[in-house]
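Below is one structure, written out as structure tokens, with a few remarks after it.
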Number of protein chains: 2
Amino acid sequence: MDRRQQKTRTAIYDALTKLLRKRRFEDITVQEIIDEANIGRSTFYSHFETKDQLLEQMCDEMFTHVFSESLMPEKSHDFSANHEELRALLEHLLWHIKDHEDNISSIMYGESEKLFTRYFSGYLENAFGDLISHIDIDVSSEFKKQFVIGSFINTVKWWIGGGLVQSPGEIIDAYLRCLIRGNQNHGTGK
Amino acid sequence: MDRRQQKTRTAIYDALTKLLRKRRFEDITVQEIIDEANIGRSTFYSHFETKDQLLEQMCDEMFTHVFSESLMPEKSHDFSANHEELRALLEHLLWHIKDHEDNISSIMYGESEKLFTRYFSGYLENAFGDLISHIDIDVSSEFKKQFVIGSFINTVKWWIGGGLVQSPGEIIDAYLRCLIRGNQNHGTGK
DNA sequence: TCACTTCCTGAACACTTTGTTCAGCAAAAT
DNA sequence: ATTTTGCTGAACAAAGTGTTCAGGAAGTGA
């Protein structure tokens, strides 16, 4: 691909990321992004149709990167019999997020937060959907999914909002303790 | 108060509510509100400084109404010893929400949803903050609060988003079952 | 009924932001 | 060296925001 295109694109991404650290997305104007990126107006619009599309694409790239396939639990894993493995997987996920702290934190305000939530939710549903139905609580599986995934995303957002001061291990520990409590002994113990 | 003012104000509220049923708040223009309310431009701006202020005030009135004081648990109540009372209170809250279904549903998209969440969260923290610290899980009290309140609001949002098809009783049942599981016997049984 | 106070009206205005267009220039590709 | 592709920046139309103001309508009180 043309180096010029790459250059403008990253200039735009960097500019937006920098601006997002100080302001909500909806309060940032295209002109500001252009100025910060130091490019021509028409250049911006030849890359992105609108400001919203820019955000979407940028987040998309980032999330794809953060929630990369390597984090997918393999279908064969039986977490209901082995909580340690689930814990390790979730913790690994949080480490990934921590690695992208700068980028993700700047996104967690305003409209962009919703993109994160949607993307995260979709990922978790894919990755853990089956697993969740094995958790033994007497509620509809839709409700269970909503509860488990929702509370996890909430927890992660809360963690990020607080500046990621706790370690991923602490967070996962606390989360699982709230969620699994009373359920620890369901595994058949090896 | 001058009847004219009242009339304009409700005309504006009604107009916005109607528009919110079809579009996100951020996509609605002041002009549309004005047209829908059938008032003059300067009239709008003599009532509200900006579109955002209108939303805030409207939501504020509504939430104050929905989460009215009558729903405050009395300090003396000991929910840790009596889950039935807590359940009844939460169910009552959902009934209140259901009563305002039309208004609340129209608000649950875009920016206005965040106002709801903030308001709801503040209310719950006030109403149930003490109570939560009595729940027996070995995590920090901040985490516990985040988890309990967050998952409850999530559940309510999920319920509203789905069109409030389940009864308040069902929702509270499922919520408490997910939350309290393994903890039912902590009360000292009268 | 007669003031008079308050509110509503709607047009005009300045300003900001958006998204498009286009001619000219610069940098890649072949 | 020639062609293709991308960047520039000014100019433009369109849409929205928030203000102002003169005049009219509707409430209020004597």
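Identifiers in this document derive from the order of the structure tokens: chains are assigned A, B, ..., residues are numbered from 1 separately in each chain, and ligands are numbered from 1 in order of occurrence.
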Which chain D residues are at most 12 Å from chain B (counting only C-alpha atoms (C1' of nucleotides)), as a PyMOL selection string?
chain D and resi 15-21+25-28
So that I can check the surroundings of stretch 105-120 of chain B, please list as a PyMOL selection string every protein, DNA and RNA residue that reaches within 6 Å of it, counting only C-alpha atoms (C1' of nucleotides) and ignoring chain neighbours fewer than 3 positions away.
chain B and resi 20-21+24+101-102+123
Find the residues in chain C near chain B: any atom within 8 Å counts, using only C-alpha atoms (C1' of nucleotides). Write them as a ChimeraX atom specification.
/C:7-10
One decimal, Å: what's the distance from atom CA of B:Gly163 over to atom CA of B:Asp14, could you say?
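It comes out at 20.9 Å.
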Return as an NGL selection string the residues belonging to chain B that are within 10 Å of chain A, counting only C-alpha atoms.
:B and (26 or 110-111 or 114 or 136-140 or 143-144 or 146-155 or 158-159 or 170-171 or 173-175 or 177-183)
Residue set, stretch 37-178 of chain B restricted to helix (DSSP H, G or I), as number ranges by chain
B: 37, 41-47, 51-66, 69-71, 79-81, 83-99, 101-107, 110-133, 141-161, 168-178
Between atom CA of B:Gln57 and atom CA of A:Phe25, measure the distance and give it in Å to one decimal.
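Atom CA of B:Gln57 sits 23.0 Å away from atom CA of A:Phe25.
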Please compute the atom CA of A:Val165-atom CA of A:Lys98 distance, one decimal, in Å.
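Between atom CA of A:Val165 and atom CA of A:Lys98 the gap works out to 10.2 Å.
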Using only C-alpha atoms (C1' of nucleotides), which residues sit within 12 Å of stretch 11-13 of chain D once same-chain residues fewer than 5 positions away are excluded, as a ChimeraX atom specification?
/C:18-23
Once you have the residues from the selection above, write them out as an mmCIF file, in the first residue's frame, restricted to N, CA and C atoms (P, O5', C5', C4', C3', O3' and C1' of nucleotides).
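Output contents, as saved in again.cif:
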data_model
loop_
_atom_site.group_PDB
_atom_site.id
_atom_site.type_symbol
_atom_site.label_atom_id
_atom_site.label_comp_id
_atom_site.auth_asym_id
_atom_site.auth_seq_id
_atom_site.Cartn_x
_atom_site.Cartn_y
_atom_site.Cartn_z
ATOM 1 P P DT C 18 -17.581 18.982 12.552
ATOM 2 O "O5'" DT C 18 -18.443 18.731 11.239
ATOM 3 C "C5'" DT C 18 -19.847 18.526 11.318
ATOM 4 C "C4'" DT C 18 -20.416 18.435 9.917
ATOM 5 C "C3'" DT C 18 -19.678 17.468 8.997
ATOM 6 O "O3'" DT C 18 -20.576 16.473 8.563
ATOM 7 C "C1'" DT C 18 -20.030 19.566 7.939
ATOM 8 P P DG C 19 -19.975 15.028 8.183
ATOM 9 O "O5'" DG C 19 -19.783 15.186 6.608
ATOM 10 C "C5'" DG C 19 -20.943 15.398 5.834
ATOM 11 C "C4'" DG C 19 -20.577 15.947 4.469
ATOM 12 C "C3'" DG C 19 -19.528 15.134 3.696
ATOM 13 O "O3'" DG C 19 -20.081 14.825 2.426
ATOM 14 C "C1'" DG C 19 -19.050 17.445 3.627
ATOM 15 P P DT C 20 -19.200 14.111 1.299
ATOM 16 O "O5'" DT C 20 -19.045 15.297 0.241
ATOM 17 C "C5'" DT C 20 -20.164 16.109 -0.042
ATOM 18 C "C4'" DT C 20 -19.850 17.043 -1.204
ATOM 19 C "C3'" DT C 20 -18.996 16.434 -2.324
ATOM 20 O "O3'" DT C 20 -19.543 16.819 -3.573
ATOM 21 C "C1'" DT C 20 -17.957 18.390 -1.487
ATOM 22 P P DT C 21 -18.988 16.124 -4.935
ATOM 23 O "O5'" DT C 21 -18.254 17.337 -5.671
ATOM 24 C "C5'" DT C 21 -18.649 18.660 -5.404
ATOM 25 C "C4'" DT C 21 -17.621 19.628 -5.977
ATOM 26 C "C3'" DT C 21 -16.699 19.034 -7.059
ATOM 27 O "O3'" DT C 21 -16.638 19.939 -8.145
ATOM 28 C "C1'" DT C 21 -15.415 20.055 -5.357
ATOM 29 P P DC C 22 -16.188 19.431 -9.591
ATOM 30 O "O5'" DC C 22 -14.877 20.315 -9.822
ATOM 31 C "C5'" DC C 22 -14.777 21.594 -9.204
ATOM 32 C "C4'" DC C 22 -13.327 22.052 -9.187
ATOM 33 C "C3'" DC C 22 -12.435 21.298 -10.190
ATOM 34 O "O3'" DC C 22 -11.530 22.210 -10.791
ATOM 35 C "C1'" DC C 22 -11.531 21.123 -8.036
ATOM 36 P P DA C 23 -11.139 21.983 -12.329
ATOM 37 O "O5'" DA C 23 -9.878 22.948 -12.441
ATOM 38 C "C5'" DA C 23 -9.847 24.175 -11.711
ATOM 39 C "C4'" DA C 23 -8.491 24.355 -11.051
ATOM 40 C "C3'" DA C 23 -7.291 23.967 -11.932
ATOM 41 O "O3'" DA C 23 -6.240 24.896 -11.710
ATOM 42 C "C1'" DA C 23 -7.245 22.715 -9.943
#
Exercise: A:Ser133 partners within 9 Å, only C-alpha atoms (C1' of nucleotides), chain neighbours under 6 positions left out, as a ChimeraX atom specification
/A:141-142,144-145
Mind dumping the selected residues with N, CA and C atoms as a compact mmCIF listing (two decimals), in the first residue's frame?
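part-v5.txt was written with the following content:
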# COMPACT_ATOMS: atom_id res chain seq x y z
N SER A 141 -31.45 -19.31 30.14
CA SER A 141 -30.07 -19.21 29.68
C SER A 141 -29.80 -17.81 29.13
N GLU A 142 -30.85 -17.15 28.63
CA GLU A 142 -30.68 -15.77 28.17
C GLU A 142 -30.33 -14.85 29.33
N LYS A 144 -29.01 -15.75 32.16
CA LYS A 144 -27.70 -16.10 32.66
C LYS A 144 -26.62 -15.39 31.85
N LYS A 145 -26.77 -15.47 30.53
CA LYS A 145 -25.79 -14.85 29.65
C LYS A 145 -25.70 -13.36 29.92
